[in-house]
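What follows is the content of input.cif (mmCIF, C-alpha atoms).
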data_final
loop_
_atom_site.label_atom_id
_atom_site.label_comp_id
_atom_site.auth_asym_id
_atom_site.auth_seq_id
_atom_site.Cartn_x
_atom_site.Cartn_y
_atom_site.Cartn_z
CA MET A 852 0.00 0.00 0.00
CA ALA A 853 1.17 3.55 -0.76
CA GLU A 854 2.29 5.84 2.03
CA ALA A 855 -0.42 7.64 3.99
CA LEU A 856 -1.65 10.98 2.68
CA ARG A 857 -0.92 13.57 5.35
CA VAL A 858 -3.51 16.31 5.68
CA GLY A 859 -3.38 19.68 7.44
CA ILE A 860 -6.66 21.48 8.15
CA ALA A 861 -6.68 25.26 8.59
CA GLY A 862 -9.97 26.37 10.13
CA LEU A 863 -11.93 24.18 12.54
CA GLY A 864 -15.37 25.73 12.35
CA THR A 865 -18.48 23.80 11.37
CA VAL A 866 -16.99 22.54 8.10
CA GLY A 867 -13.46 21.94 9.36
CA ALA A 868 -14.68 19.95 12.35
CA SER A 869 -16.97 17.93 10.06
CA VAL A 870 -14.05 17.14 7.73
CA ALA A 871 -11.87 15.98 10.66
CA ARG A 872 -14.72 13.88 12.04
CA VAL A 873 -15.52 12.15 8.73
CA LEU A 874 -11.84 11.44 8.02
CA ARG A 875 -11.68 9.76 11.41
CA ASP A 876 -15.01 7.90 11.32
CA LYS A 877 -14.70 6.78 7.69
CA ALA A 878 -10.97 6.05 7.77
CA ALA A 879 -11.22 2.35 6.87
CA GLU A 880 -13.68 2.97 4.02
CA LEU A 881 -11.58 5.81 2.60
CA THR A 882 -8.47 3.61 2.72
CA ARG A 883 -10.27 0.92 0.69
CA GLN A 884 -11.46 3.47 -1.85
CA CYS A 885 -8.18 5.36 -2.20
CA GLY A 886 -5.63 2.61 -1.73
CA ARG A 887 -3.87 4.48 1.06
CA ASP A 888 -4.58 5.90 4.49
CA ILE A 889 -5.62 9.54 4.90
CA VAL A 890 -4.37 10.99 8.19
CA VAL A 891 -4.83 14.44 9.72
CA THR A 892 -1.36 15.33 10.95
CA ALA A 893 -1.68 19.09 11.49
CA VAL A 894 -4.43 21.59 12.36
CA SER A 895 -4.70 25.34 12.81
CA ALA A 896 -7.43 27.52 14.29
CA ARG A 897 -7.83 30.62 16.44
CA ASN A 898 -8.67 28.87 19.72
CA GLN A 899 -6.94 25.64 20.65
CA LYS A 900 -9.08 25.08 23.76
CA ARG A 901 -12.48 25.24 22.08
CA ASP A 902 -14.53 22.03 22.11
CA ARG A 903 -15.36 21.18 18.49
CA GLY A 904 -16.88 17.76 19.08
CA VAL A 905 -13.94 15.95 17.50
CA ASP A 906 -10.59 14.96 18.97
CA VAL A 907 -7.67 16.44 17.01
CA SER A 908 -5.10 16.09 19.79
CA SER A 909 -3.03 13.61 17.76
CA ALA A 910 -2.39 16.31 15.13
CA LYS A 911 0.26 18.98 15.56
CA TRP A 912 -1.27 22.34 16.48
CA PHE A 913 -0.32 25.57 14.69
CA ASP A 914 -1.53 29.00 15.76
CA ASP A 915 -0.43 30.37 12.40
CA PRO A 916 -1.89 28.70 9.28
CA VAL A 917 0.86 30.19 7.10
CA LYS A 918 3.52 28.51 9.20
CA MET A 919 1.57 25.25 8.96
CA ALA A 920 1.42 25.61 5.17
CA GLN A 921 5.16 26.22 4.97
CA THR A 922 6.62 23.84 7.55
CA ALA A 923 4.15 21.15 8.62
CA ASP A 924 4.74 17.54 7.66
CA ILE A 925 1.75 17.46 5.28
CA ASP A 926 0.94 16.61 1.66
CA VAL A 927 -2.40 18.44 1.46
CA PHE A 928 -3.31 21.84 2.90
CA VAL A 929 -7.08 22.21 3.49
CA GLU A 930 -8.11 25.86 3.75
CA LEU A 931 -11.42 26.42 5.57
CA ILE A 932 -10.65 29.82 7.09
CA GLY A 933 -12.71 31.99 4.74
CA GLY A 934 -12.21 35.49 3.36
CA ASP A 935 -10.50 36.73 0.22
CA GLU A 936 -7.44 38.20 1.92
CA GLY A 937 -5.48 37.77 5.14
CA PRO A 938 -4.51 34.32 6.42
CA ALA A 939 -6.67 32.47 3.88
CA ARG A 940 -4.88 33.95 0.89
CA SER A 941 -1.42 33.94 2.52
CA SER A 942 -1.63 30.33 3.66
CA VAL A 943 -2.96 28.95 0.37
CA LYS A 944 -0.28 30.81 -1.57
CA ALA A 945 2.40 29.53 0.83
CA ALA A 946 1.19 25.93 0.56
CA LEU A 947 1.18 25.99 -3.25
CA GLU A 948 4.61 27.59 -3.40
CA ALA A 949 5.87 24.88 -1.04
CA GLY A 950 4.65 22.24 -3.51
CA ARG A 951 1.69 21.08 -1.45
CA HIS A 952 -1.74 20.26 -2.84
CA VAL A 953 -4.54 22.57 -1.69
CA VAL A 954 -8.22 21.92 -1.09
CA THR A 955 -10.44 24.92 -0.35
CA ALA A 956 -14.11 25.80 0.03
CA ASN A 957 -13.39 29.51 -0.29
CA LYS A 958 -15.35 30.98 -3.21
CA ALA A 959 -14.47 34.58 -2.26
CA LEU A 960 -10.75 33.78 -2.40
CA LEU A 961 -11.07 32.06 -5.77
CA ALA A 962 -13.28 34.79 -7.22
CA LYS A 963 -10.61 37.39 -6.41
CA HIS A 964 -7.32 35.49 -6.67
CA GLY A 965 -8.18 32.17 -8.33
CA VAL A 966 -6.29 32.70 -11.58
CA ALA A 967 -3.08 33.82 -9.83
CA LEU A 968 -3.26 30.86 -7.44
CA ALA A 969 -3.95 28.50 -10.35
CA GLU A 970 -0.79 29.71 -12.08
CA ILE A 971 1.26 28.84 -9.00
CA ALA A 972 -0.36 25.41 -8.67
CA GLU A 973 0.24 24.55 -12.31
CA LYS A 974 3.82 25.77 -12.20
CA ARG A 975 4.52 23.66 -9.11
CA GLY A 976 2.66 20.61 -10.48
CA VAL A 977 0.20 20.38 -7.60
CA LEU A 978 -3.58 20.31 -7.37
CA LEU A 979 -5.85 23.17 -6.34
CA ASN A 980 -9.23 21.56 -5.73
CA TYR A 981 -12.33 23.59 -4.83
CA GLU A 982 -15.46 21.48 -5.29
CA ALA A 983 -16.94 22.81 -2.04
CA ALA A 984 -16.64 26.44 -3.17
CA VAL A 985 -19.63 26.21 -5.53
CA ALA A 986 -23.00 24.61 -4.73
CA GLY A 987 -21.85 22.71 -1.65
CA GLY A 988 -22.18 18.97 -2.07
CA ILE A 989 -23.14 19.06 -5.76
CA PRO A 990 -20.19 17.83 -7.90
CA VAL A 991 -20.49 20.59 -10.47
CA ILE A 992 -16.78 21.49 -10.58
CA LYS A 993 -15.72 17.90 -11.21
CA THR A 994 -18.43 17.56 -13.84
CA MET A 995 -17.34 20.67 -15.73
CA ARG A 996 -13.58 20.03 -15.40
CA GLU A 997 -13.53 16.31 -16.12
CA ALA A 998 -16.78 14.85 -17.42
CA MET A 999 -17.62 17.21 -20.28
CA ALA A 1000 -14.57 16.94 -22.53
CA GLY A 1001 -15.39 18.04 -26.08
CA ASN A 1002 -18.56 19.88 -25.06
CA SER A 1003 -18.88 23.60 -25.76
CA VAL A 1004 -20.95 25.30 -23.08
CA THR A 1005 -23.46 27.88 -24.27
CA ARG A 1006 -25.10 28.73 -20.94
CA VAL A 1007 -24.74 27.85 -17.28
CA PHE A 1008 -27.28 29.00 -14.72
CA GLY A 1009 -28.67 27.99 -11.40
CA ILE A 1010 -29.79 28.51 -7.84
CA LEU A 1011 -26.51 29.01 -6.04
CA ASN A 1012 -27.55 30.40 -2.65
CA GLY A 1013 -29.57 28.34 -0.21
CA THR A 1014 -30.51 31.29 2.00
CA CYS A 1015 -32.25 33.15 -0.82
CA ASN A 1016 -33.97 30.03 -2.10
CA TYR A 1017 -35.22 29.24 1.42
CA ILE A 1018 -36.66 32.76 1.79
CA LEU A 1019 -38.39 32.77 -1.60
CA THR A 1020 -39.76 29.26 -1.01
CA ARG A 1021 -41.31 30.23 2.33
CA MET A 1022 -42.67 33.52 1.01
CA GLU A 1023 -44.58 31.60 -1.64
CA ALA A 1024 -45.67 28.68 0.52
CA GLU A 1025 -46.75 30.64 3.60
CA GLY A 1026 -47.62 34.09 2.29
CA ILE A 1027 -45.26 35.88 4.69
CA SER A 1028 -43.21 38.99 4.02
CA PHE A 1029 -39.56 39.09 3.07
CA ASP A 1030 -38.57 40.69 6.39
CA ALA A 1031 -40.45 38.11 8.48
CA CYS A 1032 -38.97 35.25 6.51
CA LEU A 1033 -35.44 36.66 6.80
CA LYS A 1034 -35.76 36.89 10.60
CA ASP A 1035 -36.86 33.24 10.69
CA ALA A 1036 -33.95 32.23 8.46
CA GLN A 1037 -31.56 33.98 10.85
CA ARG A 1038 -33.13 32.26 13.85
CA LEU A 1039 -32.73 28.85 12.18
CA GLY A 1040 -29.13 29.53 11.16
CA TYR A 1041 -29.80 29.68 7.41
CA ALA A 1042 -28.92 33.40 7.28
CA GLU A 1043 -26.11 35.34 8.94
CA ALA A 1044 -26.68 38.14 11.45
CA ASP A 1045 -25.65 40.45 8.59
CA PRO A 1046 -27.33 38.75 5.61
CA THR A 1047 -26.28 41.31 2.99
CA PHE A 1048 -23.73 39.05 1.30
CA ASP A 1049 -26.42 36.45 0.63
CA ILE A 1050 -29.61 38.40 -0.02
CA GLU A 1051 -28.03 41.05 -2.25
CA GLY A 1052 -26.48 38.45 -4.55
CA HIS A 1053 -22.75 38.69 -3.72
CA ASP A 1054 -22.41 35.05 -2.70
CA THR A 1055 -24.14 33.90 -5.89
CA ALA A 1056 -21.94 36.23 -7.95
CA HIS A 1057 -18.71 34.76 -6.54
CA LYS A 1058 -19.86 31.23 -7.38
CA LEU A 1059 -21.10 32.26 -10.81
CA SER A 1060 -17.75 33.87 -11.68
CA ILE A 1061 -15.99 30.55 -11.05
CA LEU A 1062 -18.50 28.64 -13.19
CA THR A 1063 -18.11 31.23 -15.96
CA SER A 1064 -14.35 30.67 -16.10
CA LEU A 1065 -14.84 26.90 -16.30
CA ALA A 1066 -17.58 27.19 -18.90
CA PHE A 1067 -16.01 29.68 -21.28
CA GLY A 1068 -12.27 29.58 -20.62
CA THR A 1069 -12.07 33.19 -19.47
CA LYS A 1070 -10.32 34.80 -16.56
CA ILE A 1071 -12.50 35.17 -13.47
CA ALA A 1072 -14.36 38.48 -13.51
CA ALA A 1073 -16.43 38.65 -10.32
CA ASN A 1074 -16.56 42.45 -10.49
CA ASP A 1075 -18.19 42.42 -13.93
CA ILE A 1076 -21.45 40.77 -12.90
CA TYR A 1077 -24.80 42.56 -13.12
CA MET A 1078 -26.32 42.01 -9.69
CA GLU A 1079 -29.69 42.44 -8.00
CA GLY A 1080 -30.75 40.85 -4.73
CA ILE A 1081 -34.12 39.70 -3.44
CA SER A 1082 -34.75 42.27 -0.70
CA ASN A 1083 -37.27 44.15 -2.87
CA ILE A 1084 -39.40 41.07 -3.68
CA THR A 1085 -42.88 41.46 -2.23
CA GLN A 1086 -45.89 39.24 -1.75
CA ALA A 1087 -47.50 41.12 -4.66
CA ASP A 1088 -44.70 39.82 -6.91
CA ILE A 1089 -44.96 36.27 -5.54
CA ARG A 1090 -48.75 36.17 -6.05
CA ALA A 1091 -48.61 37.72 -9.50
CA ALA A 1092 -45.94 35.25 -10.59
CA GLY A 1093 -48.08 32.34 -9.42
CA ASP A 1094 -51.16 33.68 -11.22
CA LEU A 1095 -49.13 33.91 -14.43
CA GLY A 1096 -47.68 30.40 -14.13
CA TYR A 1097 -44.24 31.40 -12.84
CA ARG A 1098 -42.15 31.07 -9.69
CA ILE A 1099 -39.51 33.57 -8.56
CA LYS A 1100 -35.96 32.31 -8.01
CA LEU A 1101 -32.65 34.11 -7.53
CA LEU A 1102 -30.58 32.85 -10.44
CA GLY A 1103 -26.99 33.29 -11.46
CA VAL A 1104 -26.78 33.16 -15.26
CA ALA A 1105 -23.73 33.14 -17.54
CA GLN A 1106 -24.04 32.79 -21.29
CA ARG A 1107 -22.12 33.48 -24.45
CA THR A 1108 -23.53 36.24 -26.66
CA ASP A 1109 -22.45 37.97 -29.86
CA SER A 1110 -21.00 40.85 -27.84
CA GLY A 1111 -19.18 38.80 -25.19
CA ILE A 1112 -19.95 36.84 -22.03
CA GLU A 1113 -23.00 37.89 -20.07
CA GLN A 1114 -22.95 37.34 -16.30
CA ARG A 1115 -25.96 38.31 -14.21
CA VAL A 1116 -27.47 37.61 -10.81
CA HIS A 1117 -31.05 38.68 -10.17
CA PRO A 1118 -34.56 37.53 -9.22
CA THR A 1119 -36.01 35.65 -12.15
CA MET A 1120 -39.40 34.25 -13.06
CA VAL A 1121 -39.19 30.66 -14.24
CA PRO A 1122 -42.14 28.56 -15.47
CA THR A 1123 -43.64 26.53 -12.60
CA ALA A 1124 -43.48 23.43 -14.81
CA SER A 1125 -39.69 23.75 -15.26
CA VAL A 1126 -37.37 21.48 -13.30
CA ILE A 1127 -35.50 24.35 -11.67
CA ALA A 1128 -38.78 25.78 -10.34
CA GLN A 1129 -39.16 22.60 -8.27
CA VAL A 1130 -35.92 23.27 -6.36
CA HIS A 1131 -37.10 24.38 -2.92
CA GLY A 1132 -35.68 25.38 0.44
CA VAL A 1133 -31.91 25.46 0.93
CA THR A 1134 -31.31 23.16 -2.04
CA ASN A 1135 -29.07 24.37 -4.88
CA ALA A 1136 -29.23 23.48 -8.57
CA VAL A 1137 -26.94 24.12 -11.54
CA ALA A 1138 -27.96 23.72 -15.19
CA ILE A 1139 -25.32 23.42 -17.91
CA GLU A 1140 -26.28 23.72 -21.59
CA THR A 1141 -23.87 22.31 -24.17
CA ASP A 1142 -23.73 21.50 -27.86
CA ILE A 1143 -23.20 17.73 -27.46
CA LEU A 1144 -24.82 16.77 -24.17
CA GLY A 1145 -27.73 19.19 -24.33
CA GLU A 1146 -28.88 20.33 -20.89
CA LEU A 1147 -27.62 18.76 -17.67
CA LEU A 1148 -29.18 19.69 -14.31
CA LEU A 1149 -27.39 18.92 -11.05
CA SER A 1150 -29.29 19.43 -7.80
CA GLY A 1151 -28.60 18.76 -4.14
CA PRO A 1152 -27.58 20.20 -0.76
CA GLY A 1153 -25.88 23.52 -1.35
CA ALA A 1154 -24.72 24.43 2.13
CA GLY A 1155 -24.15 23.18 5.65
CA GLY A 1156 -21.33 21.39 7.41
CA ASN A 1157 -21.99 17.90 6.08
CA ALA A 1158 -22.62 18.89 2.45
CA THR A 1159 -19.54 21.10 2.30
CA ALA A 1160 -17.41 18.56 4.18
CA SER A 1161 -18.48 15.87 1.72
CA ALA A 1162 -17.17 17.95 -1.18
CA VAL A 1163 -13.92 18.72 0.65
CA ILE A 1164 -13.34 15.04 1.42
CA GLY A 1165 -14.06 14.14 -2.19
CA ASP A 1166 -11.30 16.53 -3.24
CA ILE A 1167 -8.91 15.04 -0.69
CA ALA A 1168 -9.75 11.52 -1.91
CA ASP A 1169 -9.00 12.54 -5.50
CA ILE A 1170 -5.54 13.62 -4.39
CA ALA A 1171 -5.08 10.38 -2.43
CA LYS A 1172 -5.88 8.37 -5.56
CA SER A 1173 -3.33 10.21 -7.71
CA ARG A 1174 0.18 8.86 -7.90
CA PRO A 1175 3.64 10.44 -8.21
CA GLY A 1176 4.38 11.51 -11.76
CA PHE A 1177 0.68 11.83 -12.63
CA GLN A 1178 0.05 14.89 -14.81
CA HIS A 1179 -2.67 16.92 -13.11
CA GLY A 1180 -5.27 18.74 -15.18
CA PRO A 1181 -5.47 22.54 -15.14
CA VAL A 1182 -7.32 24.22 -12.28
CA PHE A 1183 -9.98 25.91 -14.41
CA GLY A 1184 -10.18 23.34 -17.19
CA ARG A 1185 -7.58 25.15 -19.32
CA PRO A 1186 -4.04 26.23 -18.37
CA ALA A 1187 -4.29 29.39 -16.30
CA LYS A 1188 -1.98 31.29 -18.64
CA GLU A 1189 -4.26 30.41 -21.57
CA LEU A 1190 -7.44 31.74 -19.99
CA LYS A 1191 -8.78 34.49 -22.23
CA PRO A 1192 -9.43 38.02 -21.03
CA TYR A 1193 -13.05 38.40 -20.00
CA LYS A 1194 -15.10 40.37 -22.52
CA LYS A 1195 -18.24 41.69 -20.89
CA ALA A 1196 -21.43 41.57 -22.96
CA GLN A 1197 -23.73 44.56 -23.14
CA MET A 1198 -26.18 43.70 -20.34
CA ARG A 1199 -28.78 46.26 -21.30
CA SER A 1200 -29.13 44.61 -24.69
CA HIS A 1201 -30.27 41.37 -23.05
CA ALA A 1202 -33.37 40.10 -24.80
CA GLY A 1203 -36.25 38.17 -23.26
CA GLY A 1204 -39.64 38.48 -21.63
CA TYR A 1205 -40.20 40.78 -18.65
CA PHE A 1206 -42.61 41.06 -15.73
CA ILE A 1207 -43.35 44.67 -14.82
CA ARG A 1208 -45.37 45.66 -11.73
CA LEU A 1209 -46.50 49.29 -11.48
CA THR A 1210 -48.47 50.86 -8.62
CA VAL A 1211 -50.26 53.86 -10.14
CA HIS A 1212 -52.80 56.56 -9.34
CA ASP A 1213 -56.32 55.36 -10.18
CA ARG A 1214 -57.26 58.14 -12.54
CA ILE A 1215 -58.26 58.68 -16.14
CA GLY A 1216 -55.49 58.52 -18.73
CA VAL A 1217 -52.94 56.54 -16.71
CA PHE A 1218 -53.45 53.24 -18.48
CA ALA A 1219 -53.36 54.93 -21.89
CA ALA A 1220 -50.09 56.67 -20.98
CA ILE A 1221 -48.53 53.35 -19.92
CA ALA A 1222 -49.63 51.68 -23.15
CA LYS A 1223 -48.16 54.57 -25.17
CA ARG A 1224 -44.78 54.33 -23.43
CA MET A 1225 -44.68 50.61 -24.23
CA ALA A 1226 -45.64 51.16 -27.86
CA ASP A 1227 -43.10 53.99 -28.24
CA ASN A 1228 -40.36 51.51 -27.25
CA ASP A 1229 -41.66 48.73 -29.55
CA ILE A 1230 -42.63 46.55 -26.59
CA SER A 1231 -45.35 44.00 -27.35
CA LEU A 1232 -47.40 42.93 -24.34
CA GLU A 1233 -48.42 39.33 -23.74
CA SER A 1234 -50.79 40.15 -20.89
CA ILE A 1235 -52.07 43.08 -18.81
CA VAL A 1236 -53.72 42.69 -15.41
CA GLN A 1237 -55.09 45.43 -13.14
CA HIS A 1238 -55.84 45.14 -9.43
CA ALA A 1239 -57.21 47.71 -7.01
CA VAL A 1240 -54.94 48.42 -4.04
CA ASN A 1241 -56.97 48.04 -0.85
CA GLY A 1242 -56.47 49.87 2.42
CA GLU A 1243 -55.05 53.09 0.95
CA ALA A 1244 -56.57 56.53 1.48
CA GLU A 1245 -55.75 57.45 -2.10
CA ALA A 1246 -57.21 55.35 -4.90
CA GLN A 1247 -54.42 53.27 -6.48
CA LYS A 1248 -54.14 50.37 -8.83
CA THR A 1249 -51.51 47.73 -9.45
CA VAL A 1250 -50.82 47.14 -13.12
CA ILE A 1251 -49.05 43.90 -14.05
CA LEU A 1252 -47.49 43.77 -17.51
CA VAL A 1253 -45.88 40.71 -19.10
CA THR A 1254 -43.98 41.46 -22.27
CA HIS A 1255 -43.11 39.35 -25.26
CA GLU A 1256 -39.40 39.16 -26.00
CA THR A 1257 -37.86 42.59 -25.91
CA THR A 1258 -34.63 44.19 -24.75
CA GLU A 1259 -33.52 45.34 -21.34
CA ALA A 1260 -32.81 48.80 -22.73
CA ALA A 1261 -36.35 49.14 -24.13
CA VAL A 1262 -37.97 48.06 -20.86
CA ARG A 1263 -35.85 50.41 -18.76
CA LYS A 1264 -36.54 53.31 -21.11
CA ALA A 1265 -40.29 52.68 -21.01
CA VAL A 1266 -40.39 52.37 -17.22
CA ASP A 1267 -38.26 55.51 -16.82
CA GLY A 1268 -40.73 57.35 -19.03
CA ILE A 1269 -43.72 56.16 -16.99
CA THR A 1270 -41.94 57.28 -13.83
CA LYS A 1271 -41.25 60.74 -15.28
CA ASP A 1272 -44.91 61.04 -16.31
CA GLY A 1273 -45.78 61.12 -12.60
CA HIS A 1274 -48.21 58.22 -12.64
CA LEU A 1275 -46.44 55.95 -10.13
CA THR A 1276 -47.07 55.92 -6.38
CA ASP A 1277 -44.33 53.38 -5.59
CA LYS A 1278 -41.06 52.16 -7.05
CA PRO A 1279 -41.61 50.01 -10.17
CA GLN A 1280 -40.65 46.35 -10.16
CA VAL A 1281 -38.99 44.71 -13.17
CA ILE A 1282 -38.20 40.98 -13.14
CA ARG A 1283 -36.78 39.03 -16.06
CA ILE A 1284 -38.52 35.90 -17.29
CA GLU A 1285 -35.95 33.20 -17.96
CA ARG A 1286 -36.12 30.29 -20.32
CA ALA A 1287 -35.42 27.39 -17.95
CA GLY A 1288 -35.34 23.62 -18.16
#
What does the file become when written as structure tokens?
Amino acid sequence: MAEALRVGIAGLGTVGASVARVLRDKAAELTRQCGRDIVVTAVSARNQKRDRGVDVSSAKWFDDPVKMAQTADIDVFVELIGGDEGPARSSVKAALEAGRHVVTANKALLAKHGVALAEIAEKRGVLLNYEAAVAGGIPVIKTMREAMAGNSVTRVFGILNGTCNYILTRMEAEGISFDACLKDAQRLGYAEADPTFDIEGHDTAHKLSILTSLAFGTKIAANDIYMEGISNITQADIRAAGDLGYRIKLLGVAQRTDSGIEQRVHPTMVPTASVIAQVHGVTNAVAIETDILGELLLSGPGAGGNATASAVIGDIADIAKSRPGFQHGPVFGRPAKELKPYKKAQMRSHAGGYFIRLTVHDRIGVFAAIAKRMADNDISLESIVQHAVNGEAEAQKTVILVTHETTEAAVRKAVDGITKDGHLTDKPQVIRIERAG
């Protein structure tokens, strides 16, 4: 049998403790599968005395993860610290430069520094594995890096944040407001005390930027993503979507267009009959559209200690199965130095159907003015629904418009015109309608 694979874990929070526990409890099974033992020989965290529910006393303790990466007797450095700078970046860089394999769940780090770290890994001939960084326990990275050779990806999209999907699912199922649902999500541990990173789309954007690089062979461009969160989604939007045969999901979408690569994160209406509309709660899903395979949908647990730990351990096992002299594949599917510069598509030229909700004064001429603004911008309407707004001193109406395929620029221009006309009593809502499998 080959020599044991020696593992150092930096970060012993929920995920790190789960990884250590599974490596201990499943040691015999992992040895059978990998052909060698996997042993945790070093650990690093902020508080050595904290009870984490797993005994790591047999491993050498390091207060400094960078020192562990540089000097510990390890083959694999597992980074579970988090953050795109500081000790996470320094320790991963140090481990790669020291010729050690790295496994990380850190999507923020990869979104900001992934290409530079990939160049170091490929130069040193070591692996940088990151399955847990995108969609938790779903093996989407392995699928895109290894299982789709010869396929050209045209679009990749999905539900990449469990917190947002949980909130939208409960808003629809129980008829409760966004704020009430967010408080419940925080109480249950699905949302952070400061939920901004999740609910405003940043977490989804980081994950999407990694998938975009894998799909299209471009450098990661997390700062070039059009982004909207879900904090402005109301029960009026949820009900209207249901009446029209749609369900609202926060999607991350990347696709190739004539003008470049389009990356966007925003609330989206998807047909209730589509597969992705059936993804509820904290579950994630990723759809990949290709020329050979067609559409592939992967769905499963997207967050939590066990799901993330499972992906981390899968990456460690892949390293354990490799042998000296084996030529490792590139980190992002193509050599890092051959990744093309990212060319951003013109987002406002995006074409598709749109849902538009307008709250307007209930007076003569308003509806005609709205129709004129739509016609002036060559927007064809599929349906128009009006509802009275109850409980207001001033007479108001809600007007729901669903357009045929049009452009983002046309919709925004029409809505801006309606706003300038002085007919609105509240901020307009515009939600894209996405073609979804």
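With distances taken over all atoms listed in the file, A:Gly859 is the one residue among A:Gly859, A:Pro1046, A:Val943, A:Ser909 lying closest to A:Ala923.
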Distance query stretch 1149-1152 of chain A at most 6 Å, all atoms listed in the file, self and fewer than 6 positions along chain excluded, as a PyMOL selection string: chain A and resi 988-989+1134-1137
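Our summary of the geometry notes that atom CA of A:Gly864 is positioned 21.8 Å from atom CA of A:Gln921.
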Residues matched by the PyMOL selection byres ((chain A and resi 1012-1029) around 9) as a ChimeraX atom specification: /A:986,1010-1011,1030-1036,1041-1042,1046,1049-1050,1052,1054-1055,1080-1086,1089-1090,1093,1098-1102,1130-1135,1152-1154
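Residue nearest A:Leu978, chosen from A:Arg901, A:Arg940, A:Arg1006, A:His952 and counting only C-alpha atoms: A:His952.
With all atoms listed in the file as the atoms that count, the residue of A:Thr1123, A:Asn1228, A:Gln1247, A:Thr865 with the shortest distance to A:Arg1286 is A:Thr1123.
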Can you pull out every residue within 12 Å of A:Ala967, counting only C-alpha atoms, but drop anything in the same chain fewer than 6 positions away, and send it as a VMD selection string? chain A and resid 940 943 to 944 947 to 948 960 to 961 973 to 974 979 1070 to 1071 1182 to 1183 1186 to 1188 1190
Just C-alpha atoms for this one: save the residues we selected as a compact mmCIF listing (two decimals), in the frame of the given file.
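Final file, again_8.txt:
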# COMPACT_ATOMS: atom_id res chain seq x y z
CA ARG A 940 -4.88 33.95 0.89
CA VAL A 943 -2.96 28.95 0.37
CA LYS A 944 -0.28 30.81 -1.57
CA LEU A 947 1.18 25.99 -3.25
CA GLU A 948 4.61 27.59 -3.40
CA LEU A 960 -10.75 33.78 -2.40
CA LEU A 961 -11.07 32.06 -5.77
CA GLU A 973 0.24 24.55 -12.31
CA LYS A 974 3.82 25.77 -12.20
CA LEU A 979 -5.85 23.17 -6.34
CA LYS A 1070 -10.32 34.80 -16.56
CA ILE A 1071 -12.50 35.17 -13.47
CA VAL A 1182 -7.32 24.22 -12.28
CA PHE A 1183 -9.98 25.91 -14.41
CA PRO A 1186 -4.04 26.23 -18.37
CA ALA A 1187 -4.29 29.39 -16.30
CA LYS A 1188 -1.98 31.29 -18.64
CA LEU A 1190 -7.44 31.74 -19.99
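Comparing A:Val991, A:Ala855, A:Val890, A:Val917 by their smallest distance to A:Ala1162, the closest is A:Val991 (using only C-alpha atoms).
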Hey, can I get the axis-aligned box for stretch 1022-1033 of chain A? All listed atoms, 5 Å padding on each side, centre and edge lengths in Å to one decimal, as lines of an AutoDock Vina configuration file.
center_x = -41.5
center_y = 34.7
center_z = 3.4
size_x = 22.2
size_y = 22.0
size_z = 20.1
